[in-house]
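Chemist: Have a look at this one before I ask anything.
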Amino acid sequence: MDNLFADLTPPLEGERFDVLLRHKGLTIERIVSSPRIAHERYVQAQDEWVVLLQGQAVMDVDGRTVPLTSGDHLFLPAQTPHTVLQVSDGALWLAIHLHPTP
């Protein structure tokens, strides 16, 4: 058994991605963020549902600015460009990726 809230120390820079479960076409990961992030643009082949469990963040989702606070969640369909623009120190995310099945 693991605990979602164990080892929440953020990295000095960027984000730490911890895979919690990988099963068939599903991946669940925990993300711990540092406020010092590279504004990496993601365009993924899979759908993603993400929830911000603690902290605050601002994302660009396909050209739209989306502010997030604890408890906010959103669905990012495959091929939707998105970037984390700003994030509080130690922000905690849960992301669920739904990979296409062959």
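Chains: A, B, ... in order of the structure tokens. Residues: from 1 per chain. Ligands: from 1, in order shown.
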As a ChimeraX atom specification, please: every residue in region 5-64 of chain A that a backbone DSSP assignment puts in strand (DSSP E or B).
Modeler: /A:15-23,26-33,41-42,47-54,56-61,64
Chemist: May I have the residues from that selection written out with N, CA and C atoms, as a compact mmCIF listing (two decimals), in the first residue's frame?
Modeler:
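As a result, again-v8.txt now contains:
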# COMPACT_ATOMS: atom_id res chain seq x y z
N GLU A 15 8.84 19.50 -12.51
CA GLU A 15 7.82 18.67 -11.90
C GLU A 15 8.33 17.25 -11.77
N ARG A 16 7.84 16.55 -10.74
CA ARG A 16 8.16 15.13 -10.56
C ARG A 16 6.90 14.33 -10.89
N PHE A 17 7.05 13.38 -11.77
CA PHE A 17 5.94 12.53 -12.20
C PHE A 17 6.14 11.14 -11.61
N ASP A 18 5.21 10.70 -10.78
CA ASP A 18 5.26 9.38 -10.16
C ASP A 18 4.10 8.55 -10.70
N VAL A 19 4.41 7.47 -11.40
CA VAL A 19 3.35 6.60 -11.91
C VAL A 19 2.82 5.77 -10.75
N LEU A 20 1.53 5.88 -10.49
CA LEU A 20 0.88 5.13 -9.41
C LEU A 20 0.28 3.83 -9.91
N LEU A 21 -0.20 3.85 -11.16
CA LEU A 21 -0.82 2.66 -11.73
C LEU A 21 -0.72 2.71 -13.24
N ARG A 22 -0.36 1.59 -13.80
CA ARG A 22 -0.38 1.42 -15.26
C ARG A 22 -1.12 0.12 -15.50
N HIS A 23 -2.26 0.19 -16.20
CA HIS A 23 -3.07 -1.01 -16.43
C HIS A 23 -3.78 -0.85 -17.77
N LEU A 26 -4.67 2.54 -19.32
CA LEU A 26 -4.83 3.55 -18.27
C LEU A 26 -3.51 3.79 -17.55
N THR A 27 -3.17 5.05 -17.35
CA THR A 27 -2.02 5.42 -16.52
C THR A 27 -2.49 6.49 -15.54
N ILE A 28 -2.21 6.27 -14.26
CA ILE A 28 -2.51 7.26 -13.22
C ILE A 28 -1.18 7.73 -12.66
N GLU A 29 -0.98 9.04 -12.65
CA GLU A 29 0.27 9.56 -12.11
C GLU A 29 0.01 10.71 -11.15
N ARG A 30 0.91 10.79 -10.19
CA ARG A 30 0.92 11.90 -9.24
C ARG A 30 2.01 12.85 -9.72
N ILE A 31 1.70 14.15 -9.70
CA ILE A 31 2.66 15.16 -10.13
C ILE A 31 2.85 16.14 -8.98
N VAL A 32 4.11 16.37 -8.61
CA VAL A 32 4.46 17.36 -7.60
C VAL A 32 5.25 18.46 -8.31
N SER A 33 4.82 19.71 -8.15
CA SER A 33 5.38 20.81 -8.93
C SER A 33 6.22 21.77 -8.10
N ARG A 41 5.19 22.91 -23.60
CA ARG A 41 3.90 22.73 -24.27
C ARG A 41 3.70 21.24 -24.52
N TYR A 42 2.59 20.72 -24.03
CA TYR A 42 2.27 19.31 -24.21
C TYR A 42 1.17 19.17 -25.27
N ASP A 47 -6.07 10.99 -24.23
CA ASP A 47 -6.91 11.86 -23.41
C ASP A 47 -6.32 11.91 -22.00
N GLU A 48 -6.53 13.04 -21.32
CA GLU A 48 -6.05 13.18 -19.94
C GLU A 48 -7.10 13.91 -19.11
N TRP A 49 -7.34 13.40 -17.92
CA TRP A 49 -8.16 14.09 -16.92
C TRP A 49 -7.21 14.42 -15.78
N VAL A 50 -7.21 15.67 -15.33
CA VAL A 50 -6.29 16.10 -14.29
C VAL A 50 -7.04 16.88 -13.21
N VAL A 51 -6.63 16.66 -11.96
CA VAL A 51 -7.21 17.39 -10.83
C VAL A 51 -6.05 17.97 -10.02
N LEU A 52 -6.20 19.22 -9.61
CA LEU A 52 -5.22 19.86 -8.73
C LEU A 52 -5.69 19.60 -7.30
N LEU A 53 -4.96 18.76 -6.58
CA LEU A 53 -5.37 18.36 -5.23
C LEU A 53 -5.01 19.41 -4.18
N GLN A 54 -3.86 20.08 -4.38
CA GLN A 54 -3.50 21.15 -3.46
C GLN A 54 -2.65 22.17 -4.20
N GLN A 56 -2.18 26.11 -6.21
CA GLN A 56 -2.79 26.90 -7.27
C GLN A 56 -1.94 26.75 -8.52
N ALA A 57 -2.58 26.98 -9.67
CA ALA A 57 -1.86 26.90 -10.94
C ALA A 57 -2.61 27.73 -11.97
N VAL A 58 -1.90 28.07 -13.02
CA VAL A 58 -2.50 28.70 -14.19
C VAL A 58 -2.00 27.92 -15.40
N MET A 59 -2.94 27.50 -16.24
CA MET A 59 -2.59 26.75 -17.44
C MET A 59 -3.06 27.50 -18.68
N ASP A 60 -2.38 27.26 -19.77
CA ASP A 60 -2.87 27.66 -21.08
C ASP A 60 -3.38 26.39 -21.72
N VAL A 61 -4.65 26.36 -22.04
CA VAL A 61 -5.26 25.20 -22.69
C VAL A 61 -5.78 25.64 -24.05
N ARG A 64 -6.37 29.31 -24.25
CA ARG A 64 -7.26 29.87 -23.23
C ARG A 64 -6.58 29.78 -21.87
Chemist: Glu13 (chain A): which residues within 7 Å, counting only C-alpha atoms, same-chain residues fewer than 2 positions away excluded, as an mmCIF file with all heavy atoms, in the first residue's frame?
Modeler:
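Contents of part29.cif, freshly written:
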data_model
loop_
_atom_site.group_PDB
_atom_site.id
_atom_site.type_symbol
_atom_site.label_atom_id
_atom_site.label_comp_id
_atom_site.auth_asym_id
_atom_site.auth_seq_id
_atom_site.Cartn_x
_atom_site.Cartn_y
_atom_site.Cartn_z
ATOM 1 N N PRO A 11 10.525 19.054 -6.471
ATOM 2 C CA PRO A 11 11.891 19.152 -6.993
ATOM 3 C C PRO A 11 12.341 20.612 -6.973
ATOM 4 O O PRO A 11 11.508 21.522 -6.848
ATOM 5 C CB PRO A 11 11.758 18.627 -8.424
ATOM 6 C CG PRO A 11 10.324 18.836 -8.785
ATOM 7 C CD PRO A 11 9.552 18.723 -7.512
ATOM 8 N N GLU A 15 8.843 19.500 -12.514
ATOM 9 C CA GLU A 15 7.815 18.674 -11.897
ATOM 10 C C GLU A 15 8.328 17.248 -11.768
ATOM 11 O O GLU A 15 9.130 16.792 -12.566
ATOM 12 C CB GLU A 15 6.541 18.682 -12.752
ATOM 13 C CG GLU A 15 5.930 20.064 -12.883
ATOM 14 C CD GLU A 15 4.696 20.077 -13.754
ATOM 15 O OE1 GLU A 15 4.802 19.713 -14.946
ATOM 16 O OE2 GLU A 15 3.631 20.439 -13.242
ATOM 17 N N SER A 34 7.235 22.286 -8.739
ATOM 18 C CA SER A 34 8.038 23.403 -8.232
ATOM 19 C C SER A 34 7.549 24.661 -8.947
ATOM 20 O O SER A 34 7.105 24.578 -10.098
ATOM 21 C CB SER A 34 9.517 23.156 -8.560
ATOM 22 O OG SER A 34 10.245 24.356 -8.487
ATOM 23 N N ARG A 36 9.359 26.783 -10.152
ATOM 24 C CA ARG A 36 10.347 27.039 -11.207
ATOM 25 C C ARG A 36 10.185 25.969 -12.290
ATOM 26 O O ARG A 36 10.822 24.927 -12.256
ATOM 27 C CB ARG A 36 11.762 27.032 -10.614
ATOM 28 C CG ARG A 36 11.991 28.223 -9.680
ATOM 29 C CD ARG A 36 13.209 28.074 -8.797
ATOM 30 N NE ARG A 36 13.134 26.998 -7.806
ATOM 31 C CZ ARG A 36 12.376 27.019 -6.705
ATOM 32 N NH1 ARG A 36 11.598 28.053 -6.450
ATOM 33 N NH2 ARG A 36 12.391 26.014 -5.857
ATOM 34 N N ILE A 37 9.270 26.257 -13.218
ATOM 35 C CA ILE A 37 8.967 25.291 -14.267
ATOM 36 C C ILE A 37 9.320 25.869 -15.633
ATOM 37 O O ILE A 37 9.248 27.078 -15.851
ATOM 38 C CB ILE A 37 7.479 24.873 -14.260
ATOM 39 C CG1 ILE A 37 6.568 26.087 -14.374
ATOM 40 C CG2 ILE A 37 7.137 24.065 -13.038
ATOM 41 C CD1 ILE A 37 5.115 25.755 -14.583
#
Chemist: Compare A:Leu12, A:Ala78, A:Thr65, A:Ser70 by their minimum atom-to-atom distance to Gln46 (chain A), counting only C-alpha atoms, and give me the closest one.
Modeler: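 The shortest atom-to-atom distance to Gln46 (chain A) comes from A:Ala78.
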Chemist: Quick one: pull the distance between CA of Pro100 (chain A) and CA of Glu40 (chain A), Å, one decimal.
Modeler: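 Separation of CA of Pro100 (chain A) and CA of Glu40 (chain A): 23.0 Å.
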Chemist: Closest to Thr83 (chain A) among A:Gln44, A:Leu98, A:His39, A:Gly63, using only C-alpha atoms?
Modeler: A:His39
Chemist: So, with only C-alpha atoms as the atoms that count, which of A:Ala6, A:Gly90, A:Gly55, A:Ala95 lies closest to Leu74 (chain A)?
Modeler: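 Result for the nearest residue to Leu74 (chain A): A:Ala95.
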Chemist: Please, what distance in Å, to one decimal, runs between CA of Asp89 (chain A) and CA of Pro10 (chain A)?
Modeler: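 Interatomic distance, CA of Asp89 (chain A) to CA of Pro10 (chain A): 7.1 Å.
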Chemist: Which value, in Å to one decimal, gives the distance between CA of Gln79 (chain A) and CA of Asp62 (chain A)?
Modeler: 9.6 Å
Chemist: May I ask which of the residues A:Pro81, A:Gly25, A:Gly71, A:Pro35 is the closest one to His99 (chain A), counting only C-alpha atoms?
Modeler: A:Gly25
